[in-house]
file query_25.csv (CSV, C-alpha atoms)
chain,number,residue,atom,x,y,z
A,1,MET,CA,0.0,0.0,0.0
A,2,GLU,CA,1.2,3.5,-0.8
A,3,GLY,CA,2.2,5.8,2.1
A,4,LYS,CA,0.7,9.1,3.0
A,5,ILE,CA,2.4,12.5,3.2
A,6,PHE,CA,1.5,15.0,5.9
A,7,VAL,CA,2.7,18.6,6.0
A,8,ILE,CA,3.1,20.2,9.4
A,9,THR,CA,2.8,23.9,9.1
A,10,SER,CA,1.8,27.0,11.0
A,11,GLY,CA,2.7,30.2,9.2
A,12,LYS,CA,4.2,31.8,12.2
A,13,GLY,CA,7.6,30.6,13.4
A,14,GLY,CA,8.4,29.2,16.8
A,15,VAL,CA,5.1,27.6,17.6
A,16,GLY,CA,6.3,24.0,17.7
A,17,LYS,CA,6.3,22.6,14.2
A,18,THR,CA,9.6,20.9,14.6
A,19,THR,CA,8.8,19.5,18.0
A,20,ALA,CA,5.5,18.3,16.7
A,21,THR,CA,7.1,16.7,13.6
A,22,SER,CA,9.7,14.8,15.6
A,23,SER,CA,7.3,13.8,18.4
A,24,ILE,CA,4.5,12.6,16.2
A,25,GLY,CA,6.9,10.9,13.8
A,26,ALA,CA,8.7,9.1,16.7
A,27,ALA,CA,5.4,8.0,18.2
A,28,LEU,CA,4.1,6.5,15.0
A,29,ALA,CA,7.4,4.7,14.4
A,30,MET,CA,7.1,3.3,17.9
A,31,ALA,CA,3.7,2.1,17.0
A,32,GLY,CA,5.2,0.1,14.1
A,33,LYS,CA,4.8,2.4,11.2
A,34,ARG,CA,7.7,3.0,8.8
A,35,VAL,CA,8.1,6.8,9.1
A,36,ALA,CA,10.2,9.5,7.4
A,37,VAL,CA,10.4,13.0,8.8
A,38,VAL,CA,11.7,15.5,6.2
A,39,ASP,CA,13.2,18.9,7.2
A,40,MET,CA,11.9,21.4,4.6
A,41,ASP,CA,13.6,24.4,6.1
A,42,ILE,CA,16.4,24.7,3.5
A,43,GLY,CA,19.2,26.8,4.8
A,44,LEU,CA,18.0,26.8,8.4
A,45,ARG,CA,17.7,23.1,9.3
A,46,ASN,CA,16.7,22.2,12.9
A,47,LEU,CA,14.9,19.0,12.9
A,48,ASP,CA,18.2,17.1,13.0
A,49,VAL,CA,19.4,18.7,16.2
A,50,VAL,CA,16.0,18.3,17.9
A,51,MET,CA,16.1,14.6,17.0
A,52,GLY,CA,19.8,14.3,18.1
A,53,LEU,CA,20.9,13.1,14.6
A,54,GLU,CA,23.0,16.1,13.6
A,55,ASN,CA,26.3,14.2,13.7
A,56,ARG,CA,25.1,11.6,11.2
A,57,ILE,CA,24.3,13.8,8.3
A,58,VAL,CA,26.1,13.0,5.1
A,59,PHE,CA,23.6,13.7,2.3
A,60,ASN,CA,20.5,15.9,2.4
A,61,ILE,CA,17.2,16.4,0.5
A,62,VAL,CA,18.8,18.7,-2.1
A,63,ASP,CA,21.4,15.9,-2.9
A,64,VAL,CA,18.5,13.5,-3.4
A,65,VAL,CA,16.6,15.8,-5.7
A,66,GLN,CA,19.7,16.6,-7.7
A,67,GLY,CA,20.5,12.9,-8.1
A,68,LYS,CA,23.8,13.1,-6.2
A,69,CYS,CA,22.7,10.3,-3.9
A,70,LYS,CA,20.1,7.6,-3.4
A,71,LEU,CA,17.1,8.3,-1.3
A,72,SER,CA,18.2,5.5,1.1
A,73,GLN,CA,21.6,7.2,1.5
A,74,ALA,CA,20.1,10.5,2.7
A,75,ALA,CA,17.5,8.9,5.0
A,76,ILE,CA,19.2,8.7,8.4
A,77,LYS,CA,18.0,5.8,10.5
A,78,ASP,CA,17.3,6.6,14.2
A,79,ARG,CA,19.1,4.0,16.3
A,80,ARG,CA,16.8,4.4,19.3
A,81,ILE,CA,13.5,4.0,17.5
A,82,ASN,CA,13.1,1.4,14.8
A,83,ASN,CA,11.6,2.4,11.5
A,84,LEU,CA,12.2,6.2,12.1
A,85,PHE,CA,14.2,8.0,9.4
A,86,LEU,CA,15.2,11.6,9.0
A,87,ILE,CA,15.8,13.3,5.7
A,88,PRO,CA,17.7,16.5,6.6
A,89,ALA,CA,17.6,19.9,4.8
A,90,SER,CA,20.7,21.3,3.3
A,91,GLN,CA,22.3,24.1,5.3
A,92,SER,CA,24.2,25.9,2.6
A,93,ASP,CA,21.6,26.4,-0.1
A,94,ASN,CA,18.6,28.7,-0.1
A,95,LYS,CA,15.0,27.6,-0.4
A,96,ASP,CA,14.8,28.5,-4.1
A,97,ILE,CA,17.0,25.6,-5.0
A,98,LEU,CA,14.0,23.3,-4.7
A,99,LYS,CA,10.9,23.6,-6.8
A,100,PRO,CA,7.4,22.3,-6.1
A,101,GLU,CA,7.7,20.0,-9.1
A,102,ASP,CA,10.8,18.4,-7.5
A,103,MET,CA,8.9,17.8,-4.3
A,104,VAL,CA,6.0,16.2,-6.2
A,105,SER,CA,8.3,13.6,-7.8
A,106,LEU,CA,10.3,13.1,-4.5
A,107,GLY,CA,6.9,12.6,-2.8
A,108,LYS,CA,6.1,9.8,-5.1
A,109,ARG,CA,9.4,8.1,-4.2
A,110,LEU,CA,8.9,8.6,-0.5
A,111,LYS,CA,5.4,7.1,-0.6
A,112,LYS,CA,6.8,3.9,-2.0
A,113,GLU,CA,9.4,3.6,0.8
A,114,PHE,CA,7.5,4.8,3.8
A,115,ASP,CA,4.0,4.3,5.4
A,116,ILE,CA,3.9,7.9,6.7
A,117,VAL,CA,6.0,10.9,5.7
A,118,PHE,CA,6.0,14.2,7.7
A,119,MET,CA,7.1,17.4,6.0
A,120,ASP,CA,8.4,19.9,8.6
A,121,CYS,CA,7.4,23.2,6.9
A,122,PRO,CA,9.4,26.4,7.3
A,123,ALA,CA,7.7,29.5,8.7
A,124,GLY,CA,6.3,31.9,6.1
A,125,ILE,CA,4.2,31.5,3.0
A,126,GLU,CA,6.8,31.7,0.3
A,127,ARG,CA,8.7,29.1,-1.7
A,128,GLY,CA,9.6,27.0,1.4
A,129,PHE,CA,5.9,26.6,2.2
A,130,GLU,CA,5.1,25.9,-1.5
A,131,ASN,CA,7.7,23.2,-1.5
A,132,ALA,CA,6.6,21.6,1.7
A,133,VAL,CA,2.9,21.5,0.7
A,134,ALA,CA,3.5,20.5,-3.0
A,135,ALA,CA,3.5,16.7,-2.3
A,136,ALA,CA,1.3,16.7,0.8
A,137,ASP,CA,-1.9,14.6,1.0
A,138,GLU,CA,-2.9,16.0,4.3
A,139,ALA,CA,-2.0,18.9,6.6
A,140,LEU,CA,-1.6,19.5,10.3
A,141,VAL,CA,-1.7,23.1,11.3
A,142,ILE,CA,-0.1,24.0,14.6
A,143,CYS,CA,-0.9,27.2,16.6
A,144,THR,CA,-0.5,28.5,20.1
A,145,PRO,CA,-3.4,30.2,21.9
A,146,GLU,CA,-2.1,33.7,21.0
A,147,VAL,CA,-3.6,36.2,18.7
A,148,SER,CA,-0.6,36.4,16.3
A,149,SER,CA,-0.3,32.7,15.9
A,150,VAL,CA,-4.0,32.1,15.4
A,151,ARG,CA,-4.2,34.8,12.7
A,152,ASP,CA,-1.3,33.3,10.8
A,153,ALA,CA,-2.9,29.8,11.2
A,154,ASP,CA,-6.0,31.3,9.6
A,155,ARG,CA,-4.0,32.5,6.6
A,156,ILE,CA,-2.3,29.1,6.2
A,157,ILE,CA,-5.6,27.3,6.4
A,158,GLY,CA,-6.9,29.5,3.6
A,159,LEU,CA,-3.9,28.6,1.5
A,160,LEU,CA,-4.3,24.9,2.2
A,161,TYR,CA,-8.0,25.0,1.3
A,162,ALA,CA,-7.0,26.6,-2.0
A,163,ARG,CA,-5.0,23.5,-2.7
A,164,SER,CA,-8.0,21.3,-1.8
A,165,ILE,CA,-6.3,20.1,1.5
A,166,THR,CA,-8.5,20.1,4.6
A,167,PRO,CA,-6.2,20.6,7.5
A,168,GLN,CA,-6.5,19.5,11.1
A,169,LEU,CA,-5.5,21.6,14.0
A,170,ILE,CA,-3.2,21.1,16.9
A,171,VAL,CA,-3.2,23.7,19.7
A,172,ASN,CA,0.2,23.8,21.3
A,173,ARG,CA,1.7,25.3,24.4
A,174,ILE,CA,-1.5,25.6,26.3
A,175,ASN,CA,-1.1,27.0,29.8
A,176,PRO,CA,-4.1,25.6,31.7
A,177,ALA,CA,-3.7,27.9,34.7
A,178,MET,CA,-3.9,31.0,32.4
A,179,THR,CA,-6.8,29.5,30.5
A,180,ALA,CA,-8.6,28.9,33.8
A,181,LYS,CA,-8.0,32.5,34.8
A,182,GLY,CA,-9.4,33.7,31.5
A,183,ASP,CA,-6.0,35.1,30.4
A,184,MET,CA,-5.4,32.7,27.5
A,185,LEU,CA,-7.6,31.9,24.6
A,186,SER,CA,-9.2,28.5,25.2
A,187,HIS,CA,-9.1,25.8,22.6
A,188,GLU,CA,-12.8,26.4,22.0
A,189,ASP,CA,-12.0,30.0,21.3
A,190,VAL,CA,-9.4,29.0,18.8
A,191,THR,CA,-11.4,26.3,17.0
A,192,ASP,CA,-14.4,28.7,17.0
A,193,VAL,CA,-12.4,31.4,15.2
A,194,LEU,CA,-10.6,29.0,12.8
A,195,SER,CA,-13.5,26.6,12.3
A,196,ILE,CA,-11.5,23.5,11.5
A,197,ASP,CA,-11.3,20.1,13.0
A,198,LEU,CA,-9.2,19.7,16.2
A,199,LEU,CA,-6.7,16.9,16.3
A,200,GLY,CA,-5.1,17.4,19.6
A,201,LEU,CA,-4.2,19.8,22.5
A,202,VAL,CA,-0.7,20.0,23.9
A,203,GLU,CA,0.2,21.6,27.2
A,204,ALA,CA,3.3,23.9,27.6
A,205,ASP,CA,5.9,21.6,29.0
A,206,ASP,CA,9.5,22.3,30.1
A,207,ASN,CA,10.4,18.8,28.9
A,208,VAL,CA,10.3,20.1,25.3
A,209,ILE,CA,13.4,22.1,26.0
A,210,VAL,CA,15.0,19.3,28.1
A,211,ALA,CA,14.4,16.9,25.2
A,212,SER,CA,15.9,19.2,22.6
A,213,ASN,CA,18.9,19.9,25.0
A,214,LEU,CA,19.5,16.1,25.0
A,215,GLY,CA,18.6,15.5,21.4
A,216,LYS,CA,16.2,12.8,22.7
A,217,PRO,CA,12.7,12.3,21.3
A,218,LEU,CA,10.1,13.9,23.6
A,219,VAL,CA,7.9,10.8,23.5
A,220,MET,CA,10.7,8.8,25.1
A,221,ILE,CA,10.5,11.0,28.2
A,222,ASP,CA,7.8,9.2,30.2
A,223,ASP,CA,6.5,11.9,32.4
A,224,SER,CA,6.3,14.5,29.7
A,225,LYS,CA,2.7,15.9,29.4
A,226,ALA,CA,3.5,17.3,25.9
A,227,GLY,CA,5.0,13.9,24.9
A,228,GLN,CA,1.9,12.1,26.0
A,229,ALA,CA,-0.3,14.5,24.1
A,230,PHE,CA,1.8,14.0,20.9
A,231,LYS,CA,1.5,10.3,21.4
A,232,ARG,CA,-2.3,10.6,21.5
A,233,ILE,CA,-2.2,12.8,18.4
A,234,ALA,CA,-0.2,10.1,16.6
A,235,MET,CA,-2.7,7.4,17.7
A,236,ARG,CA,-5.5,9.5,16.3
A,237,LEU,CA,-3.7,9.9,13.0
A,238,ASP,CA,-3.1,6.1,13.0
A,239,GLY,CA,-6.8,5.4,12.7
A,240,HIS,CA,-7.8,5.5,16.4
A,241,VAL,CA,-10.1,8.4,15.7
A,242,ASP,CA,-12.3,7.6,18.7
A,243,LEU,CA,-9.5,8.3,21.1
A,244,PRO,CA,-10.8,11.4,23.0
A,245,ILE,CA,-9.0,14.6,23.0
A,246,GLN,CA,-7.7,15.4,26.5
A,247,VAL,CA,-8.0,19.0,27.6
A,248,PRO,CA,-4.9,20.0,29.6
A,249,GLN,CA,-6.0,20.6,33.2
A,250,ASN,CA,-4.8,22.9,35.8
A,251,GLY,CA,-2.7,21.0,38.4
A,252,SER,CA,-4.6,20.5,41.6
A,253,SER,CA,-2.7,22.1,44.5
A,254,LEU,CA,-4.4,22.2,47.8
A,255,TRP,CA,-5.0,26.0,47.6
A,256,ARG,CA,-6.4,25.7,44.2
A,257,LYS,CA,-8.8,23.0,45.3
A,258,ILE,CA,-10.0,25.2,48.1
A,259,GLY,CA,-10.2,28.1,45.8
A,260,ASN,CA,-12.3,26.1,43.3
A,261,LYS,CA,-14.6,25.0,46.1
A,262,LEU,CA,-15.2,28.6,47.1
A,263,GLY,CA,-15.8,29.5,43.5
A,264,PHE,CA,-12.6,31.5,42.9
A,265,LYS,CA,-10.9,30.8,39.6
B,266,MET,CA,-5.8,32.0,42.6
B,267,LEU,CA,-4.9,35.0,44.7
B,268,ASP,CA,-5.7,37.1,41.6
B,269,GLY,CA,-9.1,35.4,41.5
B,270,ILE,CA,-9.8,36.4,45.1
B,271,ILE,CA,-8.8,39.9,44.4
B,272,LYS,CA,-11.0,40.0,41.3
B,273,LYS,CA,-13.9,38.7,43.4
B,274,LEU,CA,-13.4,41.3,46.0
B,275,PHE,CA,-12.8,44.3,43.8
B,276,GLY,CA,-15.2,43.6,41.0
B,277,ASN,CA,-14.5,41.6,37.9
B,278,LYS,CA,-12.1,43.0,35.4
B,279,LYS,CA,-12.7,41.7,31.9
B,280,ASN,CA,-10.5,38.7,31.1
B,281,SER,CA,-7.8,39.3,28.5
B,282,SER,CA,-8.7,36.2,26.6
B,283,ALA,CA,-12.1,37.7,25.7
B,284,THR,CA,-10.3,40.8,24.4
B,285,ALA,CA,-8.0,38.5,22.4
B,286,LYS,CA,-10.9,36.7,20.8
B,287,ASN,CA,-12.6,39.9,19.8
B,288,ARG,CA,-9.5,41.4,18.3
B,289,LEU,CA,-8.7,38.2,16.5
B,290,LYS,CA,-12.2,38.0,14.9
B,291,PHE,CA,-11.9,41.6,13.6
B,292,ALA,CA,-8.3,41.0,12.4
B,293,LEU,CA,-9.4,38.0,10.4
B,294,ILE,CA,-12.3,39.8,8.9
B,295,TYR,CA,-10.1,42.7,7.8
B,296,ASP,CA,-7.4,40.4,6.5
B,297,LYS,CA,-10.0,38.8,4.2
B,298,LEU,CA,-11.1,42.2,2.8
B,299,GLU,CA,-7.6,43.0,1.7
B,300,ILE,CA,-7.2,42.7,-2.0
B,301,SER,CA,-3.9,42.8,-3.8
B,302,ASP,CA,-3.0,45.3,-6.5
B,303,GLU,CA,-2.5,42.5,-8.9
B,304,ILE,CA,-6.1,41.2,-8.5
B,305,LEU,CA,-7.5,44.7,-8.9
B,306,LYS,CA,-5.4,45.2,-12.0
B,307,ASN,CA,-6.7,41.9,-13.5
B,308,LEU,CA,-10.2,42.8,-12.5
B,309,GLN,CA,-10.0,46.2,-14.2
B,310,HIS,CA,-8.6,44.6,-17.3
B,311,ASP,CA,-11.5,42.1,-17.5
B,312,ILE,CA,-14.2,44.7,-16.8
B,313,VAL,CA,-12.8,47.0,-19.4
B,314,GLU,CA,-12.8,44.1,-21.9
B,315,VAL,CA,-16.4,43.3,-21.3
B,316,ILE,CA,-17.7,46.8,-21.3
B,317,SER,CA,-15.8,47.6,-24.4
B,318,ARG,CA,-17.8,45.0,-26.3
B,319,TYR,CA,-20.9,47.3,-25.8
B,320,PHE,CA,-19.6,50.8,-25.3
B,321,GLU,CA,-16.8,53.1,-26.3
B,322,ILE,CA,-15.3,54.1,-23.0
B,323,ASP,CA,-12.7,56.6,-21.9
B,324,LYS,CA,-10.1,54.1,-20.6
B,325,ASP,CA,-8.0,56.9,-19.1
B,326,ALA,CA,-10.7,58.3,-17.0
B,327,LEU,CA,-12.1,55.2,-15.5
B,328,GLN,CA,-11.7,54.4,-11.8
B,329,LEU,CA,-11.8,51.2,-9.9
B,330,ASN,CA,-11.9,51.4,-6.1
B,331,ILE,CA,-12.7,49.4,-3.1
B,332,ASN,CA,-14.3,51.4,-0.3
B,333,LYS,CA,-14.1,50.0,3.1
B,334,SER,CA,-16.1,51.0,6.1
B,335,ARG,CA,-16.5,49.4,9.4
B,336,ASP,CA,-19.1,46.8,8.4
B,337,LEU,CA,-19.0,46.6,4.6
B,338,SER,CA,-16.7,46.8,1.7
B,339,ALA,CA,-17.9,48.0,-1.7
B,340,LEU,CA,-16.4,47.8,-5.2
B,341,THR,CA,-17.0,50.9,-7.3
B,342,PHE,CA,-16.3,51.2,-10.9
B,343,ASN,CA,-16.7,54.6,-12.6
B,344,THR,CA,-16.3,55.1,-16.3
B,345,PRO,CA,-17.4,57.8,-18.8
B,346,ILE,CA,-19.2,56.3,-21.7
B,347,LEU,CA,-18.3,57.9,-25.0
B,348,SER,CA,-20.8,56.1,-27.2
B,349,ALA,CA,-22.7,52.8,-27.5
B,350,LYS,CA,-21.4,50.4,-30.0
B,351,GLU,CA,-23.7,49.9,-33.0
B,352,LYS,CA,-22.4,46.7,-34.3
B,353,LYS,CA,-24.4,43.6,-33.4
B,354,ARG,CA,-22.4,40.9,-31.6
B,355,THR,CA,-21.7,37.8,-33.7
B,356,SER,CA,-22.2,34.4,-32.2

call {"tool": "encode", "arguments": {"input": "query_25.csv", "output": "structure tokens"}}
result
Amino acid sequence: MEGKIFVITSGKGGVGKTTATSSIGAALAMAGKRVAVVDMDIGLRNLDVVMGLENRIVFNIVDVVQGKCKLSQAAIKDRRINNLFLIPASQSDNKDILKPEDMVSLGKRLKKEFDIVFMDCPAGIERGFENAVAAADEALVICTPEVSSVRDADRIIGLLYARSITPQLIVNRINPAMTAKGDMLSHEDVTDVLSIDLLGLVEADDNVIVASNLGKPLVMIDDSKAGQAFKRIAMRLDGHVDLPIQVPQNGSSLWRKIGNKLGFK
Amino acid sequence: MLDGIIKKLFGNKKNSSATAKNRLKFALIYDKLEISDEILKNLQHDIVEVISRYFEIDKDALQLNINKSRDLSALTFNTPILSAKEKKRTS
């Protein structure tokens, strides 16, 4: 059976595309799928360091497209997680070196080799975005509960619809305490404004930074709330659509419990 | 939580998330009303082409504008007509 290509995109930078790509990719590989994650941020690659594979890069996606190496030579196998492969971006070129047509033909090759492919899209809506979206069958849009991020997500969603792709939404970096106080957009607010289907909710989690410090997949850190959330997202993508979406909850300290009893929020 | 108690005691201040949602809704509406110069140019070209089938118009004097106000946005096209075209359209 042919594989499927997802693009992970957001418009705005720094909202968690790369973390989401590596986490969801790793979780699906752990569930037995053959997964490739592709860094589409030509010139500013990052997925390799987040995954801890930066020392093993020999060839990159531009080399594959230009026929300088085989696809299998550029796909770095993760030694901790079976069936997980990274195709790195090149660091010396600029994003105009790839064309959407190149990506369409590379996409066909990737789908023959892998069950699921994730394209980690660069920020912005220029060539890098065009390239990342060109071969995609489906799209995951990431945003944080902030005005600027949601606005950019709306723009991206419009561009995806124009390509007949119906995206699903992940709300990242939720701070449940702030949401409870009414000082952060709730996920209902966000889905209401964007009117697209929700795939998952991810809490802000210091472990994301710890994991990237260590170059260790977030989903391998057991007590990571964000890691757990990305695992659930992966399961939902893997056909477990009935798996309920968990809303990040405010931790229950004694004072907060008393406060809630008294009706203070 | 302490904030919560203070708010309870000193009257409820509006939550910032409600403000965020309102600002966001308006921003998205305005974003969608924005039309690029290229689209306007293409539109003008097409309109001129259609009108020119029926009328002689003064192409230099025509104006195509988008007028935006708080709750609606209108496209206005003004052109002086020099004369109607006599010739019957074929096909």

call {"tool": "closest_residue", "arguments": {"input": "query_25.csv", "among": "A:Gln246, A:Ser149, A:Gln228, A:Gln66", "to": "chain B", "atoms": "all atoms listed in the file"}}
result
A:Ser149

call {"tool": "atom_distance", "arguments": {"input": "query_25.csv", "atom1": "atom CA of Leu327 of chain B", "atom2": "atom CA of Asn343 of chain B"}}
result
5.5 Å

call {"tool": "closest_atom_pairs", "arguments": {"input": "query_25.csv", "of": "chain B", "to": "chain A", "cutoff": "6 Å", "atoms": "all atoms listed in the file", "output": "CSV"}}
result
residue,atom,partner,partner_atom,distance
B:Gly269,CA,A:Lys265,CA,5.3
B:Asn280,CA,A:Gly182,CA,5.1
B:Ser281,CA,A:Asp183,CA,4.9
B:Ser282,CA,A:Asp183,CA,4.8
B:Leu289,CA,A:Val147,CA,5.9

call {"tool": "atom_distance", "arguments": {"input": "query_25.csv", "atom1": "atom CA of Ser348 of chain B", "atom2": "atom CA of Ile322 of chain B"}}
result
7.2 Å

call {"tool": "closest_residue", "arguments": {"input": "query_25.csv", "among": "B:Lys333, B:Lys286, B:Arg318, B:Lys324", "to": "Glu351 of chain B", "atoms": "only C-alpha atoms"}}
result
B:Arg318

call {"tool": "closest_residue", "arguments": {"input": "query_25.csv", "among": "A:Ile221, A:Val117, A:Ala204, A:Ile196", "to": "Ala153 of chain A", "atoms": "all atoms listed in the file"}}
result
A:Ile196

call {"tool": "atom_distance", "arguments": {"input": "query_25.csv", "atom1": "atom CA of Gln328 of chain B", "atom2": "atom CA of Ile346 of chain B"}}
result
12.6 Å

call {"tool": "closest_residue", "arguments": {"input": "query_25.csv", "among": "B:Ile304, B:Lys290, B:Lys279, B:Gln309", "to": "Thr341 of chain B", "atoms": "all atoms listed in the file"}}
result
B:Gln309

call {"tool": "residues_around", "arguments": {"input": "query_25.csv", "residues": "Gly16 of chain A", "least_positions_apart": "4", "cutoff": "10 Å", "atoms": "only C-alpha atoms", "output": "PyMOL selection string"}}
result
chain A and resi 8-10+12+20-21+142-144+170-173+208

call {"tool": "residues_around", "arguments": {"input": "query_25.csv", "residues": "Asn332 of chain B", "least_positions_apart": "3", "cutoff": "12 Å", "atoms": "all atoms listed in the file", "output": "count of residues only"}}
result
12

call {"tool": "closest_residue", "arguments": {"input": "query_25.csv", "among": "A:Arg56, A:Lys33, A:Arg232, A:Lys111", "to": "Met1 of chain A", "atoms": "only C-alpha atoms"}}
result
A:Lys111
